[in-house]
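Some notes on the structure that comes next.
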Amino acid sequence: MNSVQEGYYYLKTHEWVKPVDETTYLVGISDYAQHALGDIVYVALPEVGDAVKFNERFCDVESVKAVSDVYSPISGSIVEVNGALEDSPELLNQNPYATWIMKVEGSLDVSELLNAQDYTKFLEDLH
């Protein structure tokens, strides 16, 4: 069973966004995504200061199976990236909800995203 966390919002491509405050958000990949990828061996982190657009690719994650694009669930400016992933990309496998990829300053439009309940239903419908 894939873990889905309350308080997070999800894209159908299995990325999540979590509000830190009114203008700052953390972005990562869901438990479903890390299971589907398998052992993650490399994360091509985006650059601080880069602009990200909703539903557009902002980095890629390489696993033993494949390289997968990661899409942004928010538009804004990257204010921080998780440097721990450079040396320990497997953190995304170990705890995908505590391990964020980027911190974004922007505004969140949740109307285009799934809440935890809707994402759980979406995952059930995949099977």
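Chain labels A, B, ... are given in the sequence in which chains occur in the structure tokens; within each chain residues are numbered consecutively from 1, and ligands are likewise numbered from 1 in the order shown.
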**Request:** Identify all residues of segment 6-97 of chain A in strand (DSSP E) (DSSP on the backbone) and supply them as a VMD selection string.
**Result:** chain A and resid 9 to 10 15 to 19 24 to 29 40 to 44 51 to 52 57 to 63 67 to 71 75 to 81
Considering only C-alpha atoms, tabulate each residue of segment 26-93 of chain A that lies at most 10 Å from segment 99-123 of chain A along with its nearest interatomic pair and the corresponding distance in Å to one decimal; arrange the rows by chain and ascending residue number and present them as JSON lines.
```
{"residue": "A:Leu26", "atom": "CA", "partner": "A:Lys103", "partner_atom": "CA", "distance": 4.6}
{"residue": "A:Val27", "atom": "CA", "partner": "A:Met102", "partner_atom": "CA", "distance": 5.4}
{"residue": "A:Gly28", "atom": "CA", "partner": "A:Trp100", "partner_atom": "CA", "distance": 4.6}
{"residue": "A:Ile29", "atom": "CA", "partner": "A:Trp100", "partner_atom": "CA", "distance": 7.7}
{"residue": "A:Ser30", "atom": "CA", "partner": "A:Thr99", "partner_atom": "CA", "distance": 10.0}
{"residue": "A:Tyr32", "atom": "CA", "partner": "A:Leu123", "partner_atom": "CA", "distance": 8.2}
{"residue": "A:Val43", "atom": "CA", "partner": "A:Ile101", "partner_atom": "CA", "distance": 8.7}
{"residue": "A:Ala44", "atom": "CA", "partner": "A:Ile101", "partner_atom": "CA", "distance": 9.8}
{"residue": "A:Leu45", "atom": "CA", "partner": "A:Ile101", "partner_atom": "CA", "distance": 7.3}
{"residue": "A:Pro46", "atom": "CA", "partner": "A:Met102", "partner_atom": "CA", "distance": 7.8}
{"residue": "A:Glu47", "atom": "CA", "partner": "A:Met102", "partner_atom": "CA", "distance": 9.2}
{"residue": "A:Val48", "atom": "CA", "partner": "A:Met102", "partner_atom": "CA", "distance": 8.6}
{"residue": "A:Gly49", "atom": "CA", "partner": "A:Val104", "partner_atom": "CA", "distance": 9.4}
{"residue": "A:Asp50", "atom": "CA", "partner": "A:Val104", "partner_atom": "CA", "distance": 9.6}
{"residue": "A:Ala51", "atom": "CA", "partner": "A:Val104", "partner_atom": "CA", "distance": 8.9}
{"residue": "A:Val52", "atom": "CA", "partner": "A:Val104", "partner_atom": "CA", "distance": 8.3}
{"residue": "A:Lys53", "atom": "CA", "partner": "A:Gly106", "partner_atom": "CA", "distance": 10.0}
{"residue": "A:Phe54", "atom": "CA", "partner": "A:Asp109", "partner_atom": "CA", "distance": 9.2}
{"residue": "A:Asn55", "atom": "CA", "partner": "A:Glu112", "partner_atom": "CA", "distance": 9.6}
{"residue": "A:Phe58", "atom": "CA", "partner": "A:Met102", "partner_atom": "CA", "distance": 9.5}
{"residue": "A:Cys59", "atom": "CA", "partner": "A:Ile101", "partner_atom": "CA", "distance": 9.1}
{"residue": "A:Val70", "atom": "CA", "partner": "A:Ile101", "partner_atom": "CA", "distance": 9.8}
{"residue": "A:Ser72", "atom": "CA", "partner": "A:Met102", "partner_atom": "CA", "distance": 9.6}
{"residue": "A:Pro73", "atom": "CA", "partner": "A:Leu113", "partner_atom": "CA", "distance": 7.4}
{"residue": "A:Ile74", "atom": "CA", "partner": "A:Leu108", "partner_atom": "CA", "distance": 5.9}
{"residue": "A:Ser75", "atom": "CA", "partner": "A:Gly106", "partner_atom": "CA", "distance": 6.0}
{"residue": "A:Gly76", "atom": "CA", "partner": "A:Gly106", "partner_atom": "CA", "distance": 4.2}
{"residue": "A:Ser77", "atom": "CA", "partner": "A:Glu105", "partner_atom": "CA", "distance": 5.3}
{"residue": "A:Ile78", "atom": "CA", "partner": "A:Val104", "partner_atom": "CA", "distance": 4.5}
{"residue": "A:Val79", "atom": "CA", "partner": "A:Val104", "partner_atom": "CA", "distance": 5.6}
{"residue": "A:Glu80", "atom": "CA", "partner": "A:Lys103", "partner_atom": "CA", "distance": 5.0}
{"residue": "A:Val81", "atom": "CA", "partner": "A:Met102", "partner_atom": "CA", "distance": 4.3}
{"residue": "A:Asn82", "atom": "CA", "partner": "A:Ile101", "partner_atom": "CA", "distance": 5.3}
{"residue": "A:Gly83", "atom": "CA", "partner": "A:Ile101", "partner_atom": "CA", "distance": 8.5}
{"residue": "A:Ala84", "atom": "CA", "partner": "A:Thr99", "partner_atom": "CA", "distance": 9.1}
{"residue": "A:Leu85", "atom": "CA", "partner": "A:Ile101", "partner_atom": "CA", "distance": 7.7}
{"residue": "A:Pro89", "atom": "CA", "partner": "A:Thr99", "partner_atom": "CA", "distance": 9.6}
{"residue": "A:Glu90", "atom": "CA", "partner": "A:Thr99", "partner_atom": "CA", "distance": 9.8}
{"residue": "A:Leu91", "atom": "CA", "partner": "A:Thr99", "partner_atom": "CA", "distance": 6.4}
{"residue": "A:Leu92", "atom": "CA", "partner": "A:Thr99", "partner_atom": "CA", "distance": 5.8}
{"residue": "A:Asn93", "atom": "CA", "partner": "A:Thr99", "partner_atom": "CA", "distance": 8.9}
```
Let me see the file: selected residues, N, CA and C atoms, as a tab-separated table (two decimals), in the first residue's frame.
```
chain	number	residue	atom	x	y	z
A	26	LEU	N	7.48	23.41	-0.08
A	26	LEU	CA	8.41	22.33	-0.35
A	26	LEU	C	7.83	21.44	-1.43
A	27	VAL	N	8.70	20.89	-2.29
A	27	VAL	CA	8.27	20.03	-3.40
A	27	VAL	C	9.10	18.75	-3.38
A	28	GLY	N	8.43	17.62	-3.58
A	28	GLY	CA	9.12	16.35	-3.64
A	28	GLY	C	8.32	15.34	-4.46
A	29	ILE	N	8.68	14.06	-4.32
A	29	ILE	CA	7.97	13.00	-5.04
A	29	ILE	C	7.24	12.12	-4.03
A	30	SER	N	6.16	11.52	-4.48
A	30	SER	CA	5.31	10.72	-3.59
A	30	SER	C	5.92	9.34	-3.34
A	32	TYR	N	4.38	6.62	-3.94
A	32	TYR	CA	4.09	5.85	-5.15
A	32	TYR	C	5.21	6.02	-6.18
A	43	VAL	N	19.99	12.49	-8.39
A	43	VAL	CA	18.99	13.53	-8.59
A	43	VAL	C	19.70	14.73	-9.22
A	44	ALA	N	19.25	15.12	-10.41
A	44	ALA	CA	19.79	16.32	-11.08
A	44	ALA	C	19.03	17.52	-10.53
A	45	LEU	N	19.59	18.14	-9.50
A	45	LEU	CA	18.89	19.22	-8.81
A	45	LEU	C	18.80	20.47	-9.68
A	46	PRO	N	17.71	21.22	-9.55
A	46	PRO	CA	17.60	22.50	-10.24
A	46	PRO	C	18.50	23.53	-9.55
A	47	GLU	N	18.57	24.72	-10.10
A	47	GLU	CA	19.42	25.78	-9.55
A	47	GLU	C	18.59	26.75	-8.72
A	48	VAL	N	19.16	27.20	-7.59
A	48	VAL	CA	18.53	28.26	-6.80
A	48	VAL	C	18.41	29.50	-7.69
A	49	GLY	N	17.26	30.14	-7.63
A	49	GLY	CA	17.02	31.32	-8.46
A	49	GLY	C	16.27	31.02	-9.74
A	50	ASP	N	16.26	29.76	-10.15
A	50	ASP	CA	15.52	29.38	-11.36
A	50	ASP	C	14.02	29.58	-11.14
A	51	ALA	N	13.35	29.95	-12.19
A	51	ALA	CA	11.89	30.02	-12.16
A	51	ALA	C	11.34	28.64	-12.51
A	52	VAL	N	10.28	28.23	-11.82
A	52	VAL	CA	9.59	26.99	-12.16
A	52	VAL	C	8.15	27.33	-12.51
A	53	LYS	N	7.60	26.55	-13.44
A	53	LYS	CA	6.22	26.77	-13.86
A	53	LYS	C	5.40	25.53	-13.53
A	54	PHE	N	4.16	25.76	-13.16
A	54	PHE	CA	3.25	24.68	-12.82
A	54	PHE	C	3.21	23.63	-13.93
A	55	ASN	N	3.35	22.37	-13.55
A	55	ASN	CA	3.24	21.24	-14.45
A	55	ASN	C	4.34	21.17	-15.50
A	58	PHE	N	11.18	20.27	-13.82
A	58	PHE	CA	12.19	21.10	-13.15
A	58	PHE	C	13.46	20.32	-12.82
A	59	CYS	N	13.42	19.00	-12.86
A	59	CYS	CA	14.63	18.21	-12.65
A	59	CYS	C	14.36	16.78	-13.10
A	70	VAL	N	10.75	15.14	-13.40
A	70	VAL	CA	9.98	15.53	-12.22
A	70	VAL	C	9.34	16.88	-12.55
A	72	SER	N	6.81	20.29	-11.66
A	72	SER	CA	6.53	21.18	-10.54
A	72	SER	C	5.03	21.35	-10.31
A	73	PRO	N	4.57	21.14	-9.07
A	73	PRO	CA	3.17	21.37	-8.76
A	73	PRO	C	2.86	22.83	-8.40
A	74	ILE	N	3.83	23.71	-8.63
A	74	ILE	CA	3.68	25.12	-8.26
A	74	ILE	C	4.52	25.97	-9.20
A	75	SER	N	4.08	27.21	-9.41
A	75	SER	CA	4.89	28.20	-10.15
A	75	SER	C	5.54	29.13	-9.15
A	76	GLY	N	6.78	29.50	-9.43
A	76	GLY	CA	7.47	30.42	-8.53
A	76	GLY	C	8.96	30.42	-8.79
A	77	SER	N	9.71	30.80	-7.76
A	77	SER	CA	11.17	30.89	-7.85
A	77	SER	C	11.79	29.95	-6.82
A	78	ILE	N	12.81	29.21	-7.25
A	78	ILE	CA	13.48	28.27	-6.34
A	78	ILE	C	14.36	29.07	-5.38
A	79	VAL	N	14.10	28.91	-4.07
A	79	VAL	CA	14.90	29.62	-3.07
A	79	VAL	C	15.90	28.70	-2.37
A	80	GLU	N	15.71	27.39	-2.52
A	80	GLU	CA	16.64	26.44	-1.91
A	80	GLU	C	16.46	25.09	-2.57
A	81	VAL	N	17.56	24.32	-2.67
A	81	VAL	CA	17.47	22.93	-3.11
A	81	VAL	C	18.05	22.07	-1.99
A	82	ASN	N	17.63	20.83	-1.94
A	82	ASN	CA	18.06	19.91	-0.89
A	82	ASN	C	19.41	19.31	-1.26
A	83	GLY	N	20.49	19.94	-0.83
A	83	GLY	CA	21.84	19.51	-1.16
A	83	GLY	C	22.17	18.11	-0.65
A	84	ALA	N	21.46	17.63	0.37
A	84	ALA	CA	21.71	16.27	0.89
A	84	ALA	C	21.49	15.22	-0.18
A	85	LEU	N	20.65	15.54	-1.18
A	85	LEU	CA	20.36	14.57	-2.25
A	85	LEU	C	21.55	14.35	-3.18
A	89	PRO	N	21.02	10.37	-2.68
A	89	PRO	CA	19.74	10.39	-3.40
A	89	PRO	C	18.75	9.36	-2.88
A	90	GLU	N	19.25	8.32	-2.21
A	90	GLU	CA	18.38	7.26	-1.69
A	90	GLU	C	17.46	7.76	-0.57
A	91	LEU	N	17.70	8.97	-0.06
A	91	LEU	CA	16.79	9.56	0.93
A	91	LEU	C	15.37	9.64	0.38
A	92	LEU	N	15.23	9.83	-0.93
A	92	LEU	CA	13.90	9.88	-1.55
A	92	LEU	C	13.19	8.54	-1.42
A	93	ASN	N	13.94	7.43	-1.44
A	93	ASN	CA	13.35	6.11	-1.24
A	93	ASN	C	13.01	5.89	0.23
```
**Message:** From the options A:Ala66, A:Thr23, A:Glu56, A:Gly7, which residue's atoms come nearest to Ile40 of chain A, counting only C-alpha atoms?
**Reply:** A:Ala66
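Considering the residues A:Asp125, A:Asp31, A:Asp69, A:Glu62 and counting only C-alpha atoms, Glu86 of chain A has its shortest atom-to-atom contact with A:Glu62.
Nearest residue to Val17 of chain A among A:Ala36, A:Val41, A:Leu126, A:Ala98 is A:Ala98, counting only C-alpha atoms.
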**Prompt:** What is the distance between atom CA of Arg57 of chain A and atom CA of Glu15 of chain A, in Å to one decimal?
**Reply:**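 Taking atom CA of Arg57 of chain A as the start and atom CA of Glu15 of chain A as the end point, the length is 10.8 Å.
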**Request:** Work out how far apart atom CA of Val61 of chain A and atom CA of Ala33 of chain A are and give it in Å to one decimal.
**Result:**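 Atom CA of Ala33 of chain A lies at a distance of 10.4 Å from atom CA of Val61 of chain A.
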**Request:** Could you give me the residues within segment 23-64 of chain A that DSSP places in alpha helix (DSSP H), as a list in words?
**Result:**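 Residues meeting the alpha helix (DSSP H) criterion: Asp31, Tyr32, Ala33, Gln34, His35, Ala36 and Leu37 of chain A.
Pairwise distance (atom CA of Gln5 of chain A, atom CA of Asn95 of chain A) equals 11.6 Å.
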